[in-house]
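Shown next: run03.txt, containing compact mmCIF, N, CA and C atoms.
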# COMPACT_ATOMS: atom_id res chain seq x y z
N MET V 1 8.92 20.82 2.64
CA MET V 1 8.97 19.42 2.27
C MET V 1 8.16 18.57 3.25
N ASN V 2 8.20 18.95 4.53
CA ASN V 2 7.46 18.20 5.52
C ASN V 2 5.96 18.20 5.21
N MET V 3 5.44 19.33 4.76
CA MET V 3 4.02 19.42 4.41
C MET V 3 3.71 18.49 3.23
N PHE V 4 4.58 18.46 2.24
CA PHE V 4 4.39 17.56 1.11
C PHE V 4 4.35 16.11 1.57
N LEU V 5 5.25 15.74 2.50
CA LEU V 5 5.28 14.37 3.01
C LEU V 5 4.00 14.02 3.76
N TRP V 6 3.47 14.97 4.51
CA TRP V 6 2.20 14.74 5.21
C TRP V 6 1.07 14.53 4.21
N ILE V 7 1.01 15.36 3.20
CA ILE V 7 -0.05 15.24 2.18
C ILE V 7 0.07 13.90 1.46
N LEU V 8 1.28 13.55 1.06
CA LEU V 8 1.50 12.28 0.38
C LEU V 8 1.13 11.11 1.27
N ALA V 9 1.48 11.18 2.55
CA ALA V 9 1.14 10.10 3.48
C ALA V 9 -0.37 9.96 3.63
N PHE V 10 -1.08 11.07 3.73
CA PHE V 10 -2.54 11.00 3.84
C PHE V 10 -3.17 10.45 2.56
N LEU V 11 -2.65 10.86 1.40
CA LEU V 11 -3.19 10.34 0.14
C LEU V 11 -2.94 8.84 0.01
N LEU V 12 -1.71 8.42 0.31
CA LEU V 12 -1.41 6.98 0.26
C LEU V 12 -2.25 6.21 1.26
N ALA V 13 -2.41 6.75 2.46
CA ALA V 13 -3.22 6.07 3.47
C ALA V 13 -4.66 5.91 3.00
N ALA V 14 -5.19 6.94 2.38
CA ALA V 14 -6.57 6.86 1.88
C ALA V 14 -6.70 5.77 0.82
N VAL V 15 -5.75 5.72 -0.09
CA VAL V 15 -5.78 4.70 -1.15
C VAL V 15 -5.67 3.30 -0.55
N PHE V 16 -4.72 3.12 0.37
CA PHE V 16 -4.51 1.79 0.95
C PHE V 16 -5.67 1.37 1.84
N ILE V 17 -6.27 2.29 2.57
CA ILE V 17 -7.44 1.93 3.37
C ILE V 17 -8.60 1.54 2.45
N GLY V 18 -8.81 2.31 1.40
CA GLY V 18 -9.88 1.98 0.45
C GLY V 18 -9.66 0.64 -0.20
N SER V 19 -8.44 0.38 -0.63
CA SER V 19 -8.13 -0.89 -1.26
C SER V 19 -8.24 -2.05 -0.28
N GLY V 20 -7.75 -1.85 0.94
CA GLY V 20 -7.82 -2.90 1.95
C GLY V 20 -9.24 -3.24 2.35
N VAL V 21 -10.05 -2.21 2.56
CA VAL V 21 -11.45 -2.44 2.93
C VAL V 21 -12.18 -3.15 1.78
N ALA V 22 -11.90 -2.74 0.55
CA ALA V 22 -12.54 -3.39 -0.60
C ALA V 22 -12.18 -4.88 -0.64
N LYS V 23 -10.93 -5.21 -0.35
CA LYS V 23 -10.52 -6.62 -0.34
C LYS V 23 -11.23 -7.39 0.76
N LEU V 24 -11.53 -6.73 1.87
CA LEU V 24 -12.15 -7.41 3.00
C LEU V 24 -13.65 -7.60 2.83
N ILE V 25 -14.33 -6.66 2.20
CA ILE V 25 -15.80 -6.72 2.17
C ILE V 25 -16.39 -7.20 0.85
N THR V 26 -15.58 -7.22 -0.21
CA THR V 26 -16.10 -7.63 -1.51
C THR V 26 -16.09 -9.15 -1.63
N PRO V 27 -17.21 -9.74 -2.03
CA PRO V 27 -17.23 -11.20 -2.23
C PRO V 27 -16.21 -11.63 -3.29
N ARG V 28 -15.69 -12.82 -3.14
CA ARG V 28 -14.64 -13.34 -4.01
C ARG V 28 -15.02 -13.27 -5.49
N GLU V 29 -16.24 -13.62 -5.83
CA GLU V 29 -16.65 -13.62 -7.23
C GLU V 29 -16.56 -12.23 -7.84
N GLN V 30 -16.97 -11.23 -7.07
CA GLN V 30 -16.88 -9.85 -7.55
C GLN V 30 -15.42 -9.40 -7.64
N GLN V 31 -14.59 -9.83 -6.71
CA GLN V 31 -13.16 -9.49 -6.78
C GLN V 31 -12.54 -10.06 -8.05
N ILE V 32 -12.89 -11.29 -8.39
CA ILE V 32 -12.34 -11.92 -9.60
C ILE V 32 -12.82 -11.19 -10.85
N ASP V 33 -14.08 -10.75 -10.85
CA ASP V 33 -14.61 -10.00 -12.00
C ASP V 33 -13.88 -8.66 -12.16
N ARG V 34 -13.65 -7.95 -11.04
CA ARG V 34 -13.01 -6.63 -11.09
C ARG V 34 -11.51 -6.71 -11.25
N THR V 35 -10.91 -7.66 -10.55
CA THR V 35 -9.45 -7.81 -10.55
C THR V 35 -9.11 -9.27 -10.79
N PRO V 36 -8.91 -9.67 -12.03
CA PRO V 36 -8.72 -11.09 -12.35
C PRO V 36 -7.56 -11.77 -11.63
N TYR V 37 -6.58 -11.00 -11.15
CA TYR V 37 -5.46 -11.63 -10.44
C TYR V 37 -5.93 -12.34 -9.17
N ALA V 38 -7.07 -11.93 -8.62
CA ALA V 38 -7.57 -12.53 -7.38
C ALA V 38 -7.84 -14.02 -7.54
N GLU V 39 -8.07 -14.45 -8.77
CA GLU V 39 -8.33 -15.87 -9.02
C GLU V 39 -7.07 -16.72 -8.80
N ASP V 40 -5.89 -16.11 -8.90
CA ASP V 40 -4.63 -16.83 -8.75
C ASP V 40 -4.27 -17.12 -7.30
N PHE V 41 -5.00 -16.53 -6.35
CA PHE V 41 -4.65 -16.65 -4.93
C PHE V 41 -5.85 -17.15 -4.14
N PRO V 42 -5.60 -17.89 -3.07
CA PRO V 42 -6.70 -18.26 -2.18
C PRO V 42 -7.32 -17.00 -1.57
N HIS V 43 -8.58 -17.08 -1.23
CA HIS V 43 -9.27 -15.92 -0.69
C HIS V 43 -8.61 -15.44 0.60
N SER V 44 -8.08 -16.36 1.39
CA SER V 44 -7.42 -15.97 2.64
C SER V 44 -6.20 -15.07 2.38
N VAL V 45 -5.50 -15.30 1.28
CA VAL V 45 -4.35 -14.46 0.93
C VAL V 45 -4.83 -13.05 0.58
N ILE V 46 -5.90 -12.95 -0.18
CA ILE V 46 -6.45 -11.64 -0.54
C ILE V 46 -6.90 -10.90 0.71
N LEU V 47 -7.55 -11.61 1.63
CA LEU V 47 -7.96 -10.99 2.88
C LEU V 47 -6.74 -10.53 3.68
N GLY V 48 -5.69 -11.33 3.71
CA GLY V 48 -4.47 -10.96 4.41
C GLY V 48 -3.83 -9.72 3.83
N ILE V 49 -3.82 -9.63 2.51
CA ILE V 49 -3.27 -8.43 1.85
C ILE V 49 -4.10 -7.21 2.23
N GLY V 50 -5.41 -7.37 2.28
CA GLY V 50 -6.28 -6.26 2.68
C GLY V 50 -5.98 -5.79 4.09
N VAL V 51 -5.78 -6.73 5.00
CA VAL V 51 -5.45 -6.37 6.39
C VAL V 51 -4.10 -5.65 6.43
N LEU V 52 -3.12 -6.17 5.70
CA LEU V 52 -1.80 -5.53 5.67
C LEU V 52 -1.88 -4.11 5.12
N GLU V 53 -2.69 -3.92 4.10
CA GLU V 53 -2.83 -2.57 3.53
C GLU V 53 -3.45 -1.61 4.55
N ILE V 54 -4.44 -2.07 5.29
CA ILE V 54 -5.07 -1.22 6.29
C ILE V 54 -4.09 -0.89 7.42
N PHE V 55 -3.38 -1.91 7.92
CA PHE V 55 -2.40 -1.66 8.98
C PHE V 55 -1.28 -0.75 8.49
N GLY V 56 -0.85 -0.94 7.25
CA GLY V 56 0.18 -0.06 6.69
C GLY V 56 -0.29 1.38 6.60
N ALA V 57 -1.54 1.56 6.18
CA ALA V 57 -2.10 2.92 6.09
C ALA V 57 -2.18 3.57 7.46
N ILE V 58 -2.59 2.81 8.45
CA ILE V 58 -2.63 3.34 9.82
C ILE V 58 -1.23 3.69 10.28
N GLY V 59 -0.25 2.85 9.93
CA GLY V 59 1.14 3.10 10.29
C GLY V 59 1.74 4.32 9.63
N LEU V 60 1.21 4.72 8.50
CA LEU V 60 1.68 5.94 7.84
C LEU V 60 1.27 7.19 8.59
N ILE V 61 0.15 7.13 9.31
CA ILE V 61 -0.44 8.34 9.89
C ILE V 61 -0.38 8.37 11.42
N LEU V 62 -0.84 7.31 12.06
CA LEU V 62 -1.04 7.34 13.51
C LEU V 62 0.23 7.64 14.31
N PRO V 63 1.36 6.99 14.05
CA PRO V 63 2.55 7.32 14.84
C PRO V 63 2.98 8.78 14.67
N ALA V 64 2.83 9.31 13.49
CA ALA V 64 3.21 10.70 13.24
C ALA V 64 2.28 11.66 13.98
N LEU V 65 0.99 11.35 14.00
CA LEU V 65 0.04 12.22 14.69
C LEU V 65 0.22 12.19 16.20
N THR V 66 0.53 11.02 16.74
CA THR V 66 0.67 10.90 18.19
C THR V 66 2.06 11.24 18.69
N GLY V 67 3.05 11.16 17.79
CA GLY V 67 4.43 11.41 18.20
C GLY V 67 5.05 10.24 18.95
N VAL V 68 4.38 9.09 18.92
CA VAL V 68 4.86 7.90 19.61
C VAL V 68 5.39 6.91 18.58
N ALA V 69 6.61 6.44 18.77
CA ALA V 69 7.23 5.45 17.88
C ALA V 69 7.17 5.91 16.42
N THR V 70 7.64 7.11 16.17
CA THR V 70 7.53 7.70 14.84
C THR V 70 8.33 6.95 13.77
N VAL V 71 9.27 6.12 14.17
CA VAL V 71 10.00 5.31 13.19
C VAL V 71 9.06 4.35 12.46
N LEU V 72 7.90 4.08 13.06
CA LEU V 72 6.94 3.18 12.42
C LEU V 72 6.39 3.75 11.12
N VAL V 73 6.42 5.07 10.97
CA VAL V 73 5.95 5.68 9.72
C VAL V 73 6.84 5.20 8.56
N ALA V 74 8.14 5.30 8.74
CA ALA V 74 9.06 4.88 7.69
C ALA V 74 8.99 3.37 7.48
N LEU V 75 8.84 2.61 8.55
CA LEU V 75 8.73 1.15 8.42
C LEU V 75 7.44 0.75 7.70
N ALA V 76 6.34 1.43 8.02
CA ALA V 76 5.08 1.14 7.34
C ALA V 76 5.19 1.48 5.85
N ALA V 77 5.81 2.60 5.54
CA ALA V 77 5.99 2.99 4.13
C ALA V 77 6.86 1.97 3.40
N ALA V 78 7.91 1.50 4.05
CA ALA V 78 8.77 0.49 3.42
C ALA V 78 8.00 -0.81 3.20
N GLY V 79 7.21 -1.22 4.18
CA GLY V 79 6.40 -2.43 4.02
C GLY V 79 5.38 -2.31 2.90
N LEU V 80 4.74 -1.15 2.79
CA LEU V 80 3.78 -0.94 1.71
C LEU V 80 4.49 -0.92 0.36
N ALA V 81 5.69 -0.36 0.31
CA ALA V 81 6.45 -0.34 -0.94
C ALA V 81 6.77 -1.76 -1.38
N ILE V 82 7.20 -2.59 -0.45
CA ILE V 82 7.50 -3.99 -0.78
C ILE V 82 6.24 -4.70 -1.28
N THR V 83 5.14 -4.45 -0.62
CA THR V 83 3.87 -5.05 -1.04
C THR V 83 3.52 -4.64 -2.48
N MET V 84 3.72 -3.38 -2.80
CA MET V 84 3.37 -2.89 -4.13
C MET V 84 4.34 -3.39 -5.20
N VAL V 85 5.59 -3.59 -4.85
CA VAL V 85 6.54 -4.17 -5.80
C VAL V 85 6.08 -5.58 -6.16
N PHE V 86 5.68 -6.36 -5.15
CA PHE V 86 5.19 -7.70 -5.43
C PHE V 86 3.88 -7.66 -6.21
N ALA V 87 3.03 -6.68 -5.94
CA ALA V 87 1.78 -6.55 -6.71
C ALA V 87 2.09 -6.28 -8.19
N ALA V 88 3.05 -5.40 -8.43
CA ALA V 88 3.44 -5.12 -9.82
C ALA V 88 4.01 -6.37 -10.47
N LEU V 89 4.80 -7.13 -9.73
CA LEU V 89 5.36 -8.37 -10.28
C LEU V 89 4.28 -9.39 -10.62
N VAL V 90 3.23 -9.43 -9.82
CA VAL V 90 2.11 -10.33 -10.12
C VAL V 90 1.50 -9.96 -11.46
N HIS V 91 1.29 -8.67 -11.69
CA HIS V 91 0.71 -8.24 -12.96
C HIS V 91 1.63 -8.55 -14.14
N VAL V 92 2.91 -8.36 -13.95
CA VAL V 92 3.87 -8.66 -15.02
C VAL V 92 3.89 -10.15 -15.29
N ARG V 93 3.92 -10.96 -14.23
CA ARG V 93 3.95 -12.41 -14.37
C ARG V 93 2.71 -12.93 -15.11
N ARG V 94 1.57 -12.32 -14.82
CA ARG V 94 0.32 -12.74 -15.45
C ARG V 94 0.22 -12.26 -16.90
N GLY V 95 1.08 -11.33 -17.30
CA GLY V 95 1.01 -10.79 -18.65
C GLY V 95 -0.08 -9.74 -18.80
N ASP V 96 -0.44 -9.09 -17.68
CA ASP V 96 -1.50 -8.08 -17.71
C ASP V 96 -1.08 -6.80 -18.40
N GLY V 97 0.21 -6.59 -18.55
CA GLY V 97 0.70 -5.40 -19.22
C GLY V 97 1.04 -4.28 -18.26
N PHE V 98 1.72 -3.29 -18.80
CA PHE V 98 2.20 -2.16 -18.01
C PHE V 98 1.04 -1.36 -17.41
N LYS V 99 -0.05 -1.24 -18.14
CA LYS V 99 -1.19 -0.45 -17.68
C LYS V 99 -1.77 -1.02 -16.38
N ALA V 100 -1.79 -2.34 -16.25
CA ALA V 100 -2.31 -2.96 -15.03
C ALA V 100 -1.33 -2.82 -13.87
N ALA V 101 -0.05 -2.80 -14.16
CA ALA V 101 0.97 -2.71 -13.12
C ALA V 101 1.23 -1.27 -12.68
N LEU V 102 0.84 -0.29 -13.48
CA LEU V 102 1.16 1.11 -13.21
C LEU V 102 0.68 1.62 -11.85
N PRO V 103 -0.57 1.34 -11.43
CA PRO V 103 -0.97 1.83 -10.10
C PRO V 103 -0.06 1.28 -8.99
N SER V 104 0.29 0.01 -9.06
CA SER V 104 1.17 -0.57 -8.05
C SER V 104 2.54 0.09 -8.08
N ILE V 105 3.04 0.36 -9.26
CA ILE V 105 4.34 1.01 -9.41
C ILE V 105 4.31 2.41 -8.81
N LEU V 106 3.27 3.17 -9.09
CA LEU V 106 3.16 4.54 -8.55
C LEU V 106 3.02 4.53 -7.03
N LEU V 107 2.24 3.60 -6.50
CA LEU V 107 2.10 3.49 -5.05
C LEU V 107 3.43 3.08 -4.41
N ALA V 108 4.17 2.21 -5.09
CA ALA V 108 5.48 1.81 -4.58
C ALA V 108 6.44 3.00 -4.55
N ILE V 109 6.44 3.79 -5.61
CA ILE V 109 7.31 4.96 -5.67
C ILE V 109 6.97 5.95 -4.55
N GLY V 110 5.69 6.22 -4.36
CA GLY V 110 5.28 7.13 -3.28
C GLY V 110 5.67 6.60 -1.91
N SER V 111 5.50 5.31 -1.70
CA SER V 111 5.85 4.70 -0.42
C SER V 111 7.36 4.72 -0.19
N VAL V 112 8.13 4.43 -1.23
CA VAL V 112 9.59 4.49 -1.11
C VAL V 112 10.04 5.91 -0.78
N PHE V 113 9.43 6.89 -1.40
CA PHE V 113 9.79 8.28 -1.14
C PHE V 113 9.54 8.65 0.31
N ILE V 114 8.39 8.24 0.85
CA ILE V 114 8.10 8.52 2.25
C ILE V 114 9.09 7.79 3.16
N ALA V 115 9.34 6.51 2.87
CA ALA V 115 10.28 5.74 3.69
C ALA V 115 11.66 6.39 3.68
N TRP V 116 12.15 6.71 2.52
CA TRP V 116 13.47 7.33 2.39
C TRP V 116 13.52 8.68 3.13
N SER V 117 12.49 9.48 2.95
CA SER V 117 12.46 10.80 3.56
C SER V 117 12.38 10.72 5.08
N ARG V 118 11.55 9.84 5.59
CA ARG V 118 11.37 9.74 7.05
C ARG V 118 12.53 9.02 7.73
N PHE V 119 13.18 8.10 7.03
CA PHE V 119 14.39 7.48 7.57
C PHE V 119 15.56 8.45 7.52
N GLY V 120 15.57 9.32 6.50
CA GLY V 120 16.73 10.16 6.25
C GLY V 120 16.56 11.61 6.57
N PRO V 121 16.42 12.45 5.54
CA PRO V 121 16.53 13.91 5.74
C PRO V 121 15.36 14.57 6.44
N TYR V 122 14.20 13.94 6.51
CA TYR V 122 13.03 14.60 7.11
C TYR V 122 12.38 13.69 8.15
N PRO V 123 13.11 13.32 9.20
CA PRO V 123 12.51 12.46 10.22
C PRO V 123 11.44 13.20 11.02
N LEU V 124 10.60 12.44 11.65
CA LEU V 124 9.56 13.04 12.50
C LEU V 124 10.09 13.26 13.91

How does the structure come out when it is put into structure tokens?
Amino acid sequence: MNMFLWILAFLLAAVFIGSGVAKLITPREQQIDRTPYAEDFPHSVILGIGVLEIFGAIGLILPALTGVATVLVALAAAGLAITMVFAALVHVRRGDGFKAALPSILLAIGSVFIAWSRFGPYPL
């Protein structure tokens, strides 16, 4: 199970780093074209979400690799799960449909699983 948690953490970290970097480097107009929800928020909020996603991704991996403050892995996973729940709610509120909210829901489920596992039966 520990190996599965490591693989899941690396996959989630890759997704969140990719998403966070995209939010930071993509011009606002292109973000609105690709992801219409970006129009509902100031650009500074989108940039902040990108930074949070990157820090969360680092928190999923770095403490576990170094063995320092390993509780941060579970805390980072919980924070990312909360972020993804709110992302799914944004899609629902906008009326984007289940298909638009599904990636956020799946990322939230994966993050909750890591948080639960690392807080509980499979600590680092």

Let me make sure I understand: among V:Leu102, V:Val21, V:Ala76, V:Ile61, which one has the smallest atom-to-atom distance to Ala88 in chain V if we use all atoms listed in the file? V:Leu102

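Taking all atoms listed in the file into account, Phe119 in chain V lies nearest to V:Val73 out of the set V:Ala22, V:Gly56, V:Val73, V:Gly67.
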
Of the residues V:Ala13, V:Leu89, V:Met84, V:Leu5, which is the one nearest to Pro103 in chain V, using only C-alpha atoms? V:Met84

Would you work out the distance separating atom N of Arg34 in chain V from atom C of Ile46 in chain V, expressed in Å to one decimal?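 A separation of 13.9 Å between them.
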
Per DSSP on the backbone, what are the alpha helix (DSSP H) residues of chain V, as a ChimeraX atom specification? /V:2-25,28-34,43-66,71-94,98-119

V:Pro36, V:Gly79, V:Gly50, V:Pro42: which is nearest Ile17 in chain V, counting all atoms listed in the file?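 Of all the options, V:Gly50 lies closest to Ile17 in chain V.
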
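Considering the residues V:Ala101, V:Leu62, V:Val68, V:Leu12 and counting only C-alpha atoms, Leu80 in chain V has its shortest atom-to-atom contact with V:Leu12.
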
If you count all atoms listed in the file, the residue of V:Ala81, V:Leu24, V:Ala69, V:Ile32 closest to Val51 in chain V turns out to be V:Leu24

Can you pull out the residues contacting range 2-4 of chain V? Cut-off 9 Å, using only C-alpha atoms, and skip same-chain residues under 2 positions away; I want them as a PyMOL selection string. chain V and resi 6-9+122-124

Mind checking which residues fall within 12 Å of Lys23 in chain V, counting only C-alpha atoms, ignoring those fewer than 5 positions away in the same chain, and posting them as an mmCIF file with N, CA and C atoms, in the coordinates of the input?
data_model
loop_
_atom_site.group_PDB
_atom_site.id
_atom_site.type_symbol
_atom_site.label_atom_id
_atom_site.label_comp_id
_atom_site.auth_asym_id
_atom_site.auth_seq_id
_atom_site.Cartn_x
_atom_site.Cartn_y
_atom_site.Cartn_z
ATOM 1 N N PHE V 16 -4.720 3.120 0.370
ATOM 2 C CA PHE V 16 -4.510 1.790 0.950
ATOM 3 C C PHE V 16 -5.670 1.370 1.840
ATOM 4 N N ILE V 17 -6.270 2.290 2.570
ATOM 5 C CA ILE V 17 -7.440 1.930 3.370
ATOM 6 C C ILE V 17 -8.600 1.540 2.450
ATOM 7 N N GLY V 18 -8.810 2.310 1.400
ATOM 8 C CA GLY V 18 -9.880 1.980 0.450
ATOM 9 C C GLY V 18 -9.660 0.640 -0.200
ATOM 10 N N ARG V 28 -15.690 -12.820 -3.140
ATOM 11 C CA ARG V 28 -14.640 -13.340 -4.010
ATOM 12 C C ARG V 28 -15.020 -13.270 -5.490
ATOM 13 N N GLU V 29 -16.240 -13.620 -5.830
ATOM 14 C CA GLU V 29 -16.650 -13.620 -7.230
ATOM 15 C C GLU V 29 -16.560 -12.230 -7.840
ATOM 16 N N GLN V 30 -16.970 -11.230 -7.070
ATOM 17 C CA GLN V 30 -16.880 -9.850 -7.550
ATOM 18 C C GLN V 30 -15.420 -9.400 -7.640
ATOM 19 N N GLN V 31 -14.590 -9.830 -6.710
ATOM 20 C CA GLN V 31 -13.160 -9.490 -6.780
ATOM 21 C C GLN V 31 -12.540 -10.060 -8.050
ATOM 22 N N ILE V 32 -12.890 -11.290 -8.390
ATOM 23 C CA ILE V 32 -12.340 -11.920 -9.600
ATOM 24 C C ILE V 32 -12.820 -11.190 -10.850
ATOM 25 N N ARG V 34 -13.650 -7.950 -11.040
ATOM 26 C CA ARG V 34 -13.010 -6.630 -11.090
ATOM 27 C C ARG V 34 -11.510 -6.710 -11.250
ATOM 28 N N THR V 35 -10.910 -7.660 -10.550
ATOM 29 C CA THR V 35 -9.450 -7.810 -10.550
ATOM 30 C C THR V 35 -9.110 -9.270 -10.790
ATOM 31 N N ALA V 38 -7.070 -11.930 -8.620
ATOM 32 C CA ALA V 38 -7.570 -12.530 -7.380
ATOM 33 C C ALA V 38 -7.840 -14.020 -7.540
ATOM 34 N N HIS V 43 -8.580 -17.080 -1.230
ATOM 35 C CA HIS V 43 -9.270 -15.920 -0.690
ATOM 36 C C HIS V 43 -8.610 -15.440 0.600
ATOM 37 N N SER V 44 -8.080 -16.360 1.390
ATOM 38 C CA SER V 44 -7.420 -15.970 2.640
ATOM 39 C C SER V 44 -6.200 -15.070 2.380
ATOM 40 N N VAL V 45 -5.500 -15.300 1.280
ATOM 41 C CA VAL V 45 -4.350 -14.460 0.930
ATOM 42 C C VAL V 45 -4.830 -13.050 0.580
ATOM 43 N N ILE V 46 -5.900 -12.950 -0.180
ATOM 44 C CA ILE V 46 -6.450 -11.640 -0.540
ATOM 45 C C ILE V 46 -6.900 -10.900 0.710
ATOM 46 N N LEU V 47 -7.550 -11.610 1.630
ATOM 47 C CA LEU V 47 -7.960 -10.990 2.880
ATOM 48 C C LEU V 47 -6.740 -10.530 3.680
ATOM 49 N N GLY V 48 -5.690 -11.330 3.710
ATOM 50 C CA GLY V 48 -4.470 -10.960 4.410
ATOM 51 C C GLY V 48 -3.830 -9.720 3.830
ATOM 52 N N ILE V 49 -3.820 -9.630 2.510
ATOM 53 C CA ILE V 49 -3.270 -8.430 1.850
ATOM 54 C C ILE V 49 -4.100 -7.210 2.230
ATOM 55 N N GLY V 50 -5.410 -7.370 2.280
ATOM 56 C CA GLY V 50 -6.280 -6.260 2.680
ATOM 57 C C GLY V 50 -5.980 -5.790 4.090
ATOM 58 N N VAL V 51 -5.780 -6.730 5.000
ATOM 59 C CA VAL V 51 -5.450 -6.370 6.390
ATOM 60 C C VAL V 51 -4.100 -5.650 6.430
ATOM 61 N N LEU V 52 -3.120 -6.170 5.700
ATOM 62 C CA LEU V 52 -1.800 -5.530 5.670
ATOM 63 C C LEU V 52 -1.880 -4.110 5.120
ATOM 64 N N GLU V 53 -2.690 -3.920 4.100
ATOM 65 C CA GLU V 53 -2.830 -2.570 3.530
ATOM 66 C C GLU V 53 -3.450 -1.610 4.550
ATOM 67 N N ILE V 54 -4.440 -2.070 5.290
ATOM 68 C CA ILE V 54 -5.070 -1.220 6.290
ATOM 69 C C ILE V 54 -4.090 -0.890 7.420
#

Atom-to-atom span, atom N of Gly59 in chain V and atom C of Glu39 in chain V, Å: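 Separation of atom N of Gly59 in chain V and atom C of Glu39 in chain V: 27.9 Å.
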